[in-house]
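*Asks:* This one is my_file27.tsv, TSV, C-alpha atoms.
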chain	number	residue	atom	x	y	z
M	131	MET	CA	167.17	80.86	92.37
M	132	ALA	CA	170.62	80.41	93.89
M	133	PRO	CA	173.01	77.80	92.50
M	134	PRO	CA	173.04	74.51	94.42
M	135	SER	CA	175.56	74.56	97.28
M	136	SER	CA	176.04	70.82	97.75
M	137	PHE	CA	175.05	67.39	96.51
M	138	GLU	CA	172.18	67.44	99.01
M	139	ASP	CA	170.35	69.77	96.63
M	140	PHE	CA	170.34	66.87	94.15
M	141	GLY	CA	169.06	64.35	96.68
M	142	ILE	CA	172.50	62.74	97.06
M	143	GLN	CA	173.63	62.11	100.62
M	144	THR	CA	177.33	61.48	99.96
M	145	LEU	CA	179.22	64.77	100.09
M	146	THR	CA	182.72	63.44	99.47
M	147	LEU	CA	182.30	62.90	95.71
M	148	THR	CA	183.54	65.62	93.37
M	149	LEU	CA	182.00	66.43	90.00
M	150	ILE	CA	184.99	68.22	88.44
M	151	PRO	CA	188.35	68.12	90.28
M	152	GLY	CA	189.53	71.56	91.39
M	153	LEU	CA	186.07	73.17	91.19
M	154	PRO	CA	183.35	73.59	93.81
M	155	ASN	CA	180.45	71.21	93.26
M	156	ASP	CA	177.96	74.03	92.64
M	157	LEU	CA	180.09	75.36	89.78
M	158	GLY	CA	180.74	71.85	88.47
M	159	ALA	CA	177.01	71.13	88.50
M	160	LEU	CA	176.27	74.26	86.47
M	161	ILE	CA	178.94	73.37	83.93
M	162	LEU	CA	177.64	69.82	83.48
M	163	ALA	CA	174.06	71.10	83.27
M	164	PHE	CA	174.98	72.76	79.97
M	165	VAL	CA	175.80	69.40	78.37
M	166	PRO	CA	173.04	68.61	75.80
M	167	TYR	CA	170.39	66.33	77.24
M	168	SER	CA	170.87	63.74	74.50
M	169	HIS	CA	174.43	63.06	75.77
M	170	HIS	CA	173.52	62.49	79.42
M	171	SER	CA	173.03	58.73	79.21
M	172	ARG	CA	176.47	58.21	77.71
M	173	LEU	CA	178.21	60.38	80.30
M	174	LYS	CA	176.77	58.44	83.24
M	175	SER	CA	179.45	55.78	82.83
M	176	THR	CA	182.30	58.30	83.24
M	177	CYS	CA	182.46	58.06	87.03
M	178	ARG	CA	180.28	57.50	90.08
M	179	SER	CA	179.69	61.18	90.80
M	180	TRP	CA	178.58	61.84	87.21
M	181	ARG	CA	176.26	58.84	87.26
M	182	ARG	CA	174.58	60.19	90.38
M	183	PHE	CA	174.45	63.74	89.06
M	184	PHE	CA	172.98	62.84	85.65
M	185	SER	CA	170.45	60.56	87.38
M	186	SER	CA	169.38	63.15	89.95
M	187	LYS	CA	165.88	64.59	89.94
M	188	ALA	CA	167.10	68.17	90.29
M	189	LEU	CA	169.17	68.13	87.08
M	190	ILE	CA	166.12	68.88	84.91
M	191	SER	CA	165.11	71.69	87.25
M	192	LEU	CA	168.65	73.09	87.09
M	193	ARG	CA	168.54	73.09	83.29
M	194	GLN	CA	165.12	74.72	83.28
M	195	ASN	CA	166.44	77.60	85.42
M	196	TYR	CA	169.89	78.19	83.97
M	197	VAL	CA	170.15	76.67	80.49
M	198	VAL	CA	168.53	77.95	77.31
M	199	ALA	CA	168.10	74.44	76.01
M	200	PRO	CA	167.19	73.70	72.38
M	201	GLN	CA	163.98	71.89	71.54
M	202	LEU	CA	164.21	68.15	71.06
M	203	LEU	CA	161.98	66.03	68.85
M	204	CYS	CA	160.18	63.04	70.35
M	205	ILE	CA	159.19	60.41	67.80
M	206	PHE	CA	156.64	57.68	68.51
M	207	PRO	CA	157.11	55.20	65.61
M	208	GLN	CA	154.06	53.11	66.61
M	209	ASP	CA	152.16	51.88	69.68
M	210	PRO	CA	154.28	53.33	72.55
M	211	SER	CA	153.39	50.43	74.87
M	212	ILE	CA	155.27	47.99	72.62
M	213	SER	CA	157.76	50.23	70.83
M	214	SER	CA	160.10	52.67	72.56
M	215	PRO	CA	159.80	56.33	71.58
M	216	TYR	CA	163.01	58.23	70.86
M	217	LEU	CA	164.28	61.71	71.56
M	218	PHE	CA	166.18	63.24	68.65
M	219	ASP	CA	168.56	66.18	69.00
M	220	PRO	CA	168.87	67.78	65.52
M	221	LYS	CA	171.73	70.07	66.57
M	222	ASN	CA	173.92	67.16	67.71
M	223	LEU	CA	172.35	64.46	65.49
M	224	SER	CA	172.00	62.18	68.51
M	225	TRP	CA	169.23	59.85	69.66
M	226	CYS	CA	168.05	58.85	73.13
M	227	PRO	CA	165.56	55.99	73.67
M	228	LEU	CA	162.74	56.32	76.18
M	229	PRO	CA	161.13	53.38	77.98
M	230	PRO	CA	157.81	52.06	76.60
M	231	MET	CA	154.56	53.11	78.23
M	232	PRO	CA	152.88	50.77	80.74
M	233	CYS	CA	151.29	47.91	78.83
M	234	ASN	CA	147.63	46.90	79.16
M	235	PRO	CA	147.24	43.20	78.27
M	236	HIS	CA	143.70	43.77	76.96
M	237	VAL	CA	144.43	46.46	74.35
M	238	TYR	CA	146.80	46.72	71.41
M	239	GLY	CA	147.52	48.66	68.22
M	240	LEU	CA	147.29	52.16	69.70
M	241	SER	CA	147.36	54.84	66.98
M	242	ASN	CA	146.08	58.37	66.36
M	243	PHE	CA	146.96	59.42	69.90
M	244	ILE	CA	148.30	62.88	70.72
M	245	SER	CA	151.57	63.70	72.44
M	246	VAL	CA	152.13	67.14	73.96
M	247	SER	CA	154.82	68.50	76.29
M	248	VAL	CA	154.42	70.77	79.30
M	249	GLY	CA	157.66	71.70	81.04
M	250	PRO	CA	159.82	68.59	81.62
M	251	HIS	CA	156.86	66.27	81.11
M	252	LEU	CA	155.60	64.43	78.05
M	253	TYR	CA	151.90	63.55	77.82
M	254	VAL	CA	150.31	60.80	75.70
M	255	LEU	CA	146.53	61.18	75.41
M	256	GLY	CA	143.75	59.09	73.89
M	257	GLY	CA	144.01	57.36	70.54
M	258	SER	CA	142.36	54.49	68.70
M	259	LEU	CA	143.04	50.88	69.66
M	260	PHE	CA	141.74	47.34	69.60
M	261	ASP	CA	140.31	45.86	72.79
M	262	THR	CA	140.10	42.09	73.27
M	263	ARG	CA	137.11	42.62	75.55
M	264	SER	CA	135.01	44.37	72.89
M	265	PHE	CA	133.02	43.03	69.94
M	266	PRO	CA	133.59	42.88	67.06
M	267	LEU	CA	137.34	42.44	67.46
M	268	ASP	CA	138.21	43.88	64.05
M	269	ARG	CA	136.88	47.38	64.81
M	270	PRO	CA	138.87	50.04	66.67
M	271	SER	CA	137.68	51.72	69.85
M	272	PRO	CA	138.54	55.21	71.10
M	273	SER	CA	140.71	55.44	74.20
M	274	SER	CA	140.38	57.78	77.17
M	275	SER	CA	143.76	56.89	78.69
M	276	ALA	CA	146.27	59.55	79.68
M	277	PHE	CA	149.92	58.96	80.52
M	278	ARG	CA	152.78	61.25	81.55
M	279	PHE	CA	156.51	60.71	81.22
M	280	ASP	CA	158.60	62.49	83.85
M	281	PHE	CA	162.15	63.16	82.66
M	282	ALA	CA	163.26	63.83	86.24
M	283	THR	CA	162.47	60.24	87.27
M	284	PHE	CA	162.68	58.84	83.72
M	285	SER	CA	159.44	56.91	84.20
M	286	TRP	CA	155.79	56.81	83.06
M	287	GLU	CA	152.76	57.32	85.25
M	288	SER	CA	149.05	56.85	84.57
M	289	LEU	CA	146.79	59.90	84.90
M	290	SER	CA	143.06	60.41	85.27
M	291	PRO	CA	141.36	59.35	82.02
M	292	MET	CA	139.58	61.80	79.75
M	293	ILE	CA	135.84	62.19	80.23
M	294	THR	CA	135.20	61.08	76.64
M	295	PRO	CA	137.35	58.50	74.80
M	296	ARG	CA	138.75	59.92	71.55
M	297	GLY	CA	141.37	59.54	68.86
M	298	SER	CA	142.38	61.83	65.95
M	299	PHE	CA	141.55	64.98	67.91
M	300	ALA	CA	142.82	68.53	68.31
M	301	CYS	CA	145.02	69.16	71.34
M	302	ALA	CA	147.29	71.88	72.72
M	303	ALA	CA	148.78	73.02	76.04
M	304	VAL	CA	147.53	76.35	77.40
M	305	PRO	CA	150.62	78.64	77.47
M	306	GLY	CA	151.96	79.15	80.99
M	307	CYS	CA	148.81	77.78	82.60
M	308	GLY	CA	149.47	74.12	83.44
M	309	LYS	CA	146.44	72.96	81.46
M	310	ILE	CA	145.76	70.99	78.27
M	311	VAL	CA	142.72	71.31	76.00
M	312	VAL	CA	141.39	68.52	73.73
M	313	ALA	CA	138.59	68.89	71.17
M	314	GLY	CA	136.68	66.67	68.77
M	315	GLY	CA	137.96	63.32	67.55
M	316	GLY	CA	136.41	59.89	67.44
M	317	SER	CA	137.34	56.24	66.94
M	318	ARG	CA	139.23	56.79	63.71
M	319	HIS	CA	141.91	54.19	62.97
M	320	THR	CA	144.58	54.16	60.27
M	321	MET	CA	143.38	50.82	58.89
M	322	PHE	CA	139.72	51.69	58.41
M	323	GLY	CA	139.51	54.82	56.27
M	324	ALA	CA	136.24	56.63	56.85
M	325	ALA	CA	134.98	54.14	59.44
M	326	GLY	CA	134.52	55.21	63.05
M	327	SER	CA	132.66	57.82	65.05
M	328	ARG	CA	132.96	61.61	65.23
M	329	MET	CA	132.34	63.91	68.18
M	330	SER	CA	132.20	67.57	69.15
M	331	SER	CA	132.99	67.40	72.87
M	332	VAL	CA	135.77	69.55	74.38
M	333	GLU	CA	137.49	69.16	77.73
M	334	MET	CA	140.42	70.62	79.64
M	335	TYR	CA	142.94	68.87	81.87
M	336	ASP	CA	144.29	70.53	85.00
M	337	ILE	CA	147.82	69.21	85.53
M	338	VAL	CA	148.02	70.17	89.21
M	339	LYS	CA	144.62	68.73	90.16
M	340	ASP	CA	144.88	65.75	87.77
M	341	GLU	CA	141.29	66.19	86.64
M	342	TRP	CA	139.34	66.83	83.43
M	343	VAL	CA	136.49	69.33	83.09
M	344	ALA	CA	134.07	69.66	80.18
M	345	LEU	CA	134.02	72.85	78.10
M	346	ASP	CA	131.62	74.19	75.50
M	347	GLY	CA	131.54	71.74	72.59
M	348	LEU	CA	132.58	72.42	69.01
M	349	PRO	CA	129.89	73.87	66.70
M	350	ARG	CA	130.00	70.63	64.64
M	351	PHE	CA	131.31	67.09	64.85
M	352	ARG	CA	134.98	67.25	63.88
M	353	ALA	CA	137.73	64.61	63.85
M	354	GLY	CA	141.18	64.47	62.26
M	355	CYS	CA	141.64	68.16	63.10
M	356	VAL	CA	144.63	70.10	64.41
M	357	GLY	CA	144.67	72.35	67.47
M	358	PHE	CA	147.00	75.10	68.72
M	359	PHE	CA	147.02	78.19	70.92
M	360	LEU	CA	147.58	81.76	69.77
M	361	GLY	CA	147.77	83.74	72.98
M	362	ARG	CA	144.70	82.74	74.99
M	363	GLU	CA	142.78	81.56	71.93
M	364	PHE	CA	142.44	77.87	71.10
M	365	TRP	CA	142.25	77.27	67.35
M	366	VAL	CA	140.86	74.14	65.71
M	367	MET	CA	141.46	73.78	61.96
M	368	GLY	CA	140.40	71.34	59.28
M	369	GLY	CA	139.38	67.78	59.97
M	370	TYR	CA	136.37	65.88	58.70
M	371	GLY	CA	132.75	65.46	59.74
M	372	GLU	CA	130.24	63.28	58.00
M	373	SER	CA	131.24	60.76	55.35
M	374	ARG	CA	129.61	59.92	52.04
M	375	THR	CA	129.80	56.83	49.86
M	376	VAL	CA	131.08	56.58	46.30
M	377	SER	CA	128.84	54.35	44.15
M	378	GLY	CA	127.05	53.47	47.36
M	379	VAL	CA	129.97	51.30	48.49
M	380	PHE	CA	133.21	53.13	49.31
M	381	PRO	CA	133.10	55.52	52.30
M	382	VAL	CA	134.80	58.89	51.74
M	383	ASP	CA	135.37	61.60	54.35
M	384	GLU	CA	133.91	65.07	53.88
M	385	TYR	CA	136.70	67.46	54.87
M	386	TYR	CA	136.18	70.90	56.38
M	387	LYS	CA	137.68	74.03	54.86
M	388	ASP	CA	137.12	76.27	57.87
M	389	ALA	CA	138.40	76.84	61.40
M	390	VAL	CA	136.84	77.62	64.78
M	391	VAL	CA	138.33	79.62	67.65
M	392	MET	CA	137.63	79.58	71.39
M	393	GLU	CA	138.84	82.33	73.73
M	394	LEU	CA	139.19	80.84	77.20
M	395	LYS	CA	138.90	84.08	79.19
M	396	ASN	CA	135.51	84.90	77.65
M	397	GLY	CA	133.73	81.82	78.94
M	398	GLY	CA	135.04	79.45	76.30
M	399	ARG	CA	132.59	80.43	73.55
M	400	TRP	CA	133.38	79.44	69.99
M	401	ARG	CA	133.43	81.69	66.97
M	402	GLU	CA	133.51	80.33	63.43
M	403	LEU	CA	135.79	81.49	60.63
M	404	GLY	CA	134.88	81.15	56.98
M	405	ASP	CA	136.43	78.80	54.45
M	406	MET	CA	140.20	79.16	54.16
M	407	TRP	CA	140.35	78.14	50.47
M	408	GLU	CA	138.14	78.06	47.42
M	409	GLU	CA	136.63	74.99	45.82
M	410	GLY	CA	139.25	73.21	43.74
M	411	GLU	CA	142.31	74.71	45.48
M	412	ARG	CA	142.82	71.68	47.71
M	413	ARG	CA	140.76	68.84	49.06
M	414	ARG	CA	141.85	68.96	52.66
M	415	LEU	CA	144.10	70.75	55.11
M	416	GLY	CA	147.75	69.71	54.93
M	417	LYS	CA	150.09	69.18	57.85
M	418	ILE	CA	150.15	72.20	60.17
M	419	VAL	CA	152.83	73.59	62.51
M	420	VAL	CA	152.99	76.80	64.51
M	421	VAL	CA	156.29	78.64	64.86
M	422	ASP	CA	157.05	80.48	68.08
M	423	ASN	CA	158.03	83.77	66.48
M	424	GLY	CA	159.36	85.54	69.54
M	425	SER	CA	159.46	89.18	68.51
M	426	TRP	CA	157.39	88.77	65.35
M	427	ASP	CA	154.18	90.79	65.15
M	428	CYS	CA	152.00	87.71	64.62
M	429	PRO	CA	152.50	83.96	65.05
M	430	GLY	CA	153.60	81.92	62.07
M	431	ILE	CA	151.15	79.18	61.05
M	432	PHE	CA	152.52	77.02	58.24
M	433	MET	CA	151.10	74.20	56.16
M	434	LEU	CA	152.83	71.54	54.07
M	435	ASP	CA	150.77	70.78	50.98
M	436	ARG	CA	151.96	68.85	47.91
M	437	GLY	CA	155.62	69.79	48.23
M	438	GLU	CA	154.94	73.45	48.99
M	439	ILE	CA	154.96	75.50	52.19
M	440	PHE	CA	152.05	77.89	52.79
M	441	ARG	CA	151.69	80.58	55.46
M	442	TYR	CA	148.29	81.39	56.95
M	443	ASP	CA	147.27	85.05	56.62
M	444	MET	CA	144.91	85.88	59.48
M	445	THR	CA	143.68	89.10	57.88
M	446	SER	CA	142.39	87.48	54.69
M	447	ASN	CA	141.76	84.01	56.19
M	448	ARG	CA	143.72	82.52	53.29
M	449	TRP	CA	146.83	80.41	52.75
M	450	VAL	CA	149.64	82.22	50.93
M	451	LYS	CA	152.47	80.34	49.24
M	452	GLU	CA	155.70	80.70	51.20
M	453	SER	CA	158.24	78.40	49.55
M	454	CYS	CA	158.78	75.17	47.61
M	455	VAL	CA	160.44	72.15	49.23
M	456	PRO	CA	163.86	71.62	47.56
M	457	ARG	CA	163.57	67.84	47.54
M	458	LYS	CA	159.95	66.81	47.28
M	459	ALA	CA	158.63	63.48	48.51
M	460	SER	CA	156.28	61.40	46.38
M	461	ASP	CA	153.60	61.79	49.05
M	462	ASP	CA	153.23	64.53	51.68
M	463	ALA	CA	151.85	61.92	54.08
M	464	SER	CA	155.27	60.21	54.17
M	465	VAL	CA	156.93	63.41	55.42
M	466	GLY	CA	157.25	64.44	59.06
M	467	PHE	CA	156.55	68.15	59.56
M	468	VAL	CA	157.45	69.89	62.82
M	469	ALA	CA	158.63	73.28	64.13
M	470	LEU	CA	161.83	73.36	66.20
M	471	ASP	CA	163.35	76.56	67.59
M	472	GLY	CA	161.65	78.81	65.06
M	473	GLU	CA	162.45	76.68	62.01
M	474	LEU	CA	160.37	74.23	59.97
M	475	HIS	CA	161.76	70.70	59.80
M	476	LEU	CA	160.69	68.24	57.09
M	477	LEU	CA	161.76	64.67	57.79
M	478	THR	CA	161.89	62.08	55.00
M	479	LEU	CA	163.31	58.57	54.95
M	480	LEU	CA	165.59	57.81	52.01
M	481	SER	CA	165.66	54.28	50.57
M	482	VAL	CA	168.84	52.88	49.03
M	483	ASN	CA	169.04	49.81	46.80
M	484	ASP	CA	171.63	47.11	47.43
M	485	SER	CA	174.14	48.01	44.71
M	486	THR	CA	175.69	44.55	44.68
M	487	ASP	CA	172.68	42.89	43.12
M	488	GLY	CA	170.51	44.75	40.64
M	489	ARG	CA	168.04	41.89	40.61
M	490	ARG	CA	166.98	42.50	44.20
M	491	SER	CA	163.25	43.04	44.51
M	492	ARG	CA	161.77	46.21	45.95
M	493	GLN	CA	161.12	44.33	49.16
M	494	HIS	CA	164.86	44.42	49.87
M	495	LYS	CA	165.01	48.20	49.90
M	496	ARG	CA	165.81	49.48	53.36
M	497	PRO	CA	165.48	53.03	54.68
M	498	THR	CA	169.03	53.84	55.75
M	499	THR	CA	169.09	57.59	56.21
M	500	LEU	CA	166.82	60.35	57.46
M	501	LEU	CA	166.82	63.50	55.35
M	502	ILE	CA	165.98	66.64	57.33
M	503	GLN	CA	165.18	69.72	55.24
M	504	ILE	CA	165.07	72.87	57.38
M	505	TYR	CA	163.39	76.13	56.40
M	506	HIS	CA	164.00	79.42	58.21
M	507	PRO	CA	160.81	81.53	57.83
M	508	ARG	CA	162.45	84.86	58.61
M	509	LYS	CA	165.48	84.38	56.35
M	510	ARG	CA	163.49	82.35	53.78
M	511	THR	CA	166.43	79.98	53.38
M	512	TRP	CA	166.77	76.19	53.24
M	513	ARG	CA	169.44	73.86	54.60
M	514	SER	CA	169.54	70.10	55.09
M	515	LEU	CA	170.94	67.46	57.44
M	516	ILE	CA	171.39	63.70	57.22
M	517	ALA	CA	170.86	61.45	60.25
M	518	LYS	CA	170.92	57.71	60.90
M	519	PRO	CA	167.64	56.60	62.53
M	520	PRO	CA	167.91	53.93	65.26
M	521	PHE	CA	164.56	52.27	64.56
M	522	HIS	CA	164.46	48.52	63.94
M	523	GLN	CA	161.45	48.87	61.62
M	524	PRO	CA	160.92	51.39	58.79
M	525	LEU	CA	159.56	54.68	60.12
M	526	ASP	CA	156.19	55.57	58.60
M	527	PHE	CA	155.32	59.25	59.06
M	528	ARG	CA	151.72	58.50	58.09
M	529	THR	CA	151.24	56.86	61.48
M	530	ALA	CA	154.17	58.12	63.57
M	531	VAL	CA	153.42	60.77	66.20
M	532	LEU	CA	155.80	63.72	66.64
M	533	CYS	CA	156.14	66.05	69.61
M	534	THR	CA	158.67	68.69	70.67
M	535	ILE	CA	160.01	69.26	74.19
M	536	ARG	CA	162.60	71.58	75.70
M	537	LEU	CA	164.92	69.89	78.21
As structure tokens, how would this structure be written, given the file I've shared?
*Replies:*
Amino acid sequence: MAPPSSFEDFGIQTLTLTLIPGLPNDLGALILAFVPYSHHSRLKSTCRSWRRFFSSKALISLRQNYVVAPQLLCIFPQDPSISSPYLFDPKNLSWCPLPPMPCNPHVYGLSNFISVSVGPHLYVLGGSLFDTRSFPLDRPSPSSSAFRFDFATFSWESLSPMITPRGSFACAAVPGCGKIVVAGGGSRHTMFGAAGSRMSSVEMYDIVKDEWVALDGLPRFRAGCVGFFLGREFWVMGGYGESRTVSGVFPVDEYYKDAVVMELKNGGRWRELGDMWEEGERRRLGKIVVVDNGSWDCPGIFMLDRGEIFRYDMTSNRWVKESCVPRKASDDASVGFVALDGELHLLTLLSVNDSTDGRRSRQHKRPTTLLIQIYHPRKRTWRSLIAKPPFHQPLDFRTAVLCTIRL
């Protein structure tokens, strides 16, 4: 792809504006394209030509072709139709707000949705929500909605809904294929414990055609699971199926200790793997991330479990201890766990008491800083960063949804 020769390549009709005085516009455009994405909004006010350039549709395409951009973290603190998601750049410790999703006046409280990125687009799929048109009103319903955020136009658009409504499901983008696969799920909601349905259906979304097609279902009902691709294989790990009651009153989920794998090129048939841990080792699967290892011989699959990092060994189908977290949180559920540029990032909010009044109650504690502990799997080393989150409400990683994107 040749460098742009004029502003017309960016959809700008005025050719008299100059990006950088003394330089041709094609060279100036390439230079500005290397500015980190998280700084673009602030640079728009520099001058008219920069405002038009940083608002042009072709800027993202230019970065995709010429810039080896770092991965950014997208954080959805709660229902994205009422609360703006944020992009976070760990390398520059900068934040960029995104507009809320289109709001449906009949539904509210969206949770347990999945966000996945494909190219310069961010997808929000499914979830559990409350619908004013359903009965009873105090029970969540699964959603089939699908939305896409286009960073070129900086706007949301509604897509064809999934065939089956679902929340708390496995999801992953097919590498280099322009498709997304979803599996399992149900109507699980954060407020209702073991309540809700479970399902085994699987479907795939074709981004170009904007349509969903059904695939071979999971061997068993499975919700609350995690999904990822290793080559052309779609892996689904953990989750829960049926629930039992304690003393005949309290519902408790029965968690799976195994995984299932589907190879798309062989007709989408599933094969089952045995249990990944023995009885008593752990009750359920921890938080899972997959590291893009580049030149490594095999992908890195890591789990956060009770303040420790485990690596999945495919040969033995077992989890092997990798490292201990330097600063452990009281609860793994309150820690964000994500892979960015080949490193594991653990995000924890730190609370600080008001030192001027020791009699302040615990209700006056406010999360003021975000601790980011970063582990490098190849070097087996830890480092940490401190960031100031922009959220108006405390960030709860038990319900927040995290997604990475390269812009």
*Asks:* Using all atoms listed in the file, pick whichever of M:Leu345, M:Arg441, M:Gln201, M:Ala517 has the shortest atom-to-atom distance to Gly397 in chain M.
*Replies:*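 Among the listed residues, M:Leu345 lies closest to Gly397 in chain M.
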*Asks:* Between CA of Leu252 in chain M and CA of Pro429 in chain M, measure the distance and give it in Å to one decimal.
*Replies:*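 Interatomic distance here is 23.7 Å.
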*Asks:* Restrict the calculation to all atoms listed in the file, then for each residue of range 404-485 of chain M with any atom at most 6 Å from an atom of range 496-514 of chain M give the closest atom pair and their distance in Å to one decimal, rows by chain and rising residue number, as CSV.
*Replies:*
residue,atom,partner,partner_atom,distance
M:Glu473,CA,M:His506,CA,4.9
M:Leu474,CA,M:Tyr505,CA,5.0
M:His475,CA,M:Ile504,CA,4.6
M:Leu476,CA,M:Gln503,CA,5.1
M:Leu477,CA,M:Ile502,CA,4.7
M:Thr478,CA,M:Leu501,CA,5.1
M:Leu479,CA,M:Leu500,CA,4.7
M:Leu480,CA,M:Thr499,CA,5.5
M:Ser481,CA,M:Pro497,CA,4.3
*Asks:* Convert the current residue selection to file output with C-alpha atoms, as a PDB file, in the coordinates of the input.
*Replies:*
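Result file again.pdb:
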ATOM      1  CA  GLU M 473     162.450  76.680  62.010  1.00  0.00           C
ATOM      2  CA  LEU M 474     160.370  74.230  59.970  1.00  0.00           C
ATOM      3  CA  HIS M 475     161.760  70.700  59.800  1.00  0.00           C
ATOM      4  CA  LEU M 476     160.690  68.240  57.090  1.00  0.00           C
ATOM      5  CA  LEU M 477     161.760  64.670  57.790  1.00  0.00           C
ATOM      6  CA  THR M 478     161.890  62.080  55.000  1.00  0.00           C
ATOM      7  CA  LEU M 479     163.310  58.570  54.950  1.00  0.00           C
ATOM      8  CA  LEU M 480     165.590  57.810  52.010  1.00  0.00           C
ATOM      9  CA  SER M 481     165.660  54.280  50.570  1.00  0.00           C
TER      10      SER M 481
END
*Asks:* Hey, could you pull the box centre and edge lengths for range 299-307 of chain M, axis-aligned, 5 Å padding per side, all listed atoms, to one decimal in Å, as lines of an AutoDock Vina configuration file?
*Replies:*
center_x = 146.8
center_y = 72.1
center_z = 75.3
size_x = 20.4
size_y = 24.2
size_z = 24.7
*Asks:* Give the answer as one residue: which of M:His169, M:Lys187, M:Lys174, M:His251 has the shortest atom-to-atom distance to Thr534 in chain M, using all atoms listed in the file?
*Replies:*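 Going through M:His169, M:Lys187, M:Lys174, M:His251 one by one, the smallest distance to Thr534 in chain M is for M:His251.
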*Asks:* Which residues are near Ser288 in chain M? Cut-off 9 Å, all atoms listed in the file, ignore same chain within fewer than 2 positions. Put them as an mmCIF file with C-alpha atoms, in the frame of the given file.
*Replies:*
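Dumped to result03.cif:
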data_model
loop_
_atom_site.group_PDB
_atom_site.id
_atom_site.type_symbol
_atom_site.label_atom_id
_atom_site.label_comp_id
_atom_site.auth_asym_id
_atom_site.auth_seq_id
_atom_site.Cartn_x
_atom_site.Cartn_y
_atom_site.Cartn_z
ATOM 1 C CA PRO M 232 152.880 50.770 80.740
ATOM 2 C CA SER M 275 143.760 56.890 78.690
ATOM 3 C CA ALA M 276 146.270 59.550 79.680
ATOM 4 C CA PHE M 277 149.920 58.960 80.520
ATOM 5 C CA ARG M 278 152.780 61.250 81.550
ATOM 6 C CA TRP M 286 155.790 56.810 83.060
ATOM 7 C CA SER M 290 143.060 60.410 85.270
ATOM 8 C CA PRO M 291 141.360 59.350 82.020
#
*Asks:* Please identify all polymer residues within 12 Å of Leu537 in chain M, counting all atoms listed in the file, omitting same-chain residues fewer than 5 positions from it, and present them as a ChimeraX atom specification.
*Replies:* /M:163-170,189-204,217-219,247-252,280-282
*Asks:* For His236 in chain M, work out the shell of residues within 7 Å, counting all atoms listed in the file and skipping chain neighbours fewer than 5 positions away, then give it as a VMD selection string.
*Replies:* chain M and resid 261 to 263
*Asks:* Do a neighbour search on Ile205 in chain M at 7 Å with all atoms listed in the file, toss out local chain neighbours closer than 3 positions, and write the hits as an MDAnalysis selection string.
*Replies:* chainID M and resid 215:217 530:533
*Asks:* Suppose you want the space between CA of Leu255 in chain M and CA of Met433 in chain M; what is it in Å?
*Replies:* 23.7 Å
*Asks:* How many Å separate CA of Leu415 in chain M from CA of Lys387 in chain M?
*Replies:*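 Separation of CA of Leu415 in chain M and CA of Lys387 in chain M: 7.2 Å.
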*Asks:* Pick from M:Ala302, M:Ile150, M:Cys307, M:Ile337: nearest to Gly357 in chain M, with only C-alpha atoms counted?
*Replies:*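 Closest residue, counting only C-alpha atoms: M:Ala302.
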*Asks:* Using only C-alpha atoms, which residues sit within 6 Å of Gly314 in chain M once same-chain residues fewer than 2 positions away are excluded, as a ChimeraX atom specification?
*Replies:* /M:299,329-331,352-353
*Asks:* Between M:Ser185, M:Thr529, M:Ser264, M:Thr294, which is the closest to Leu240 in chain M once you count all atoms listed in the file?
*Replies:*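 For Leu240 in chain M, the nearest of the given residues is M:Thr529.
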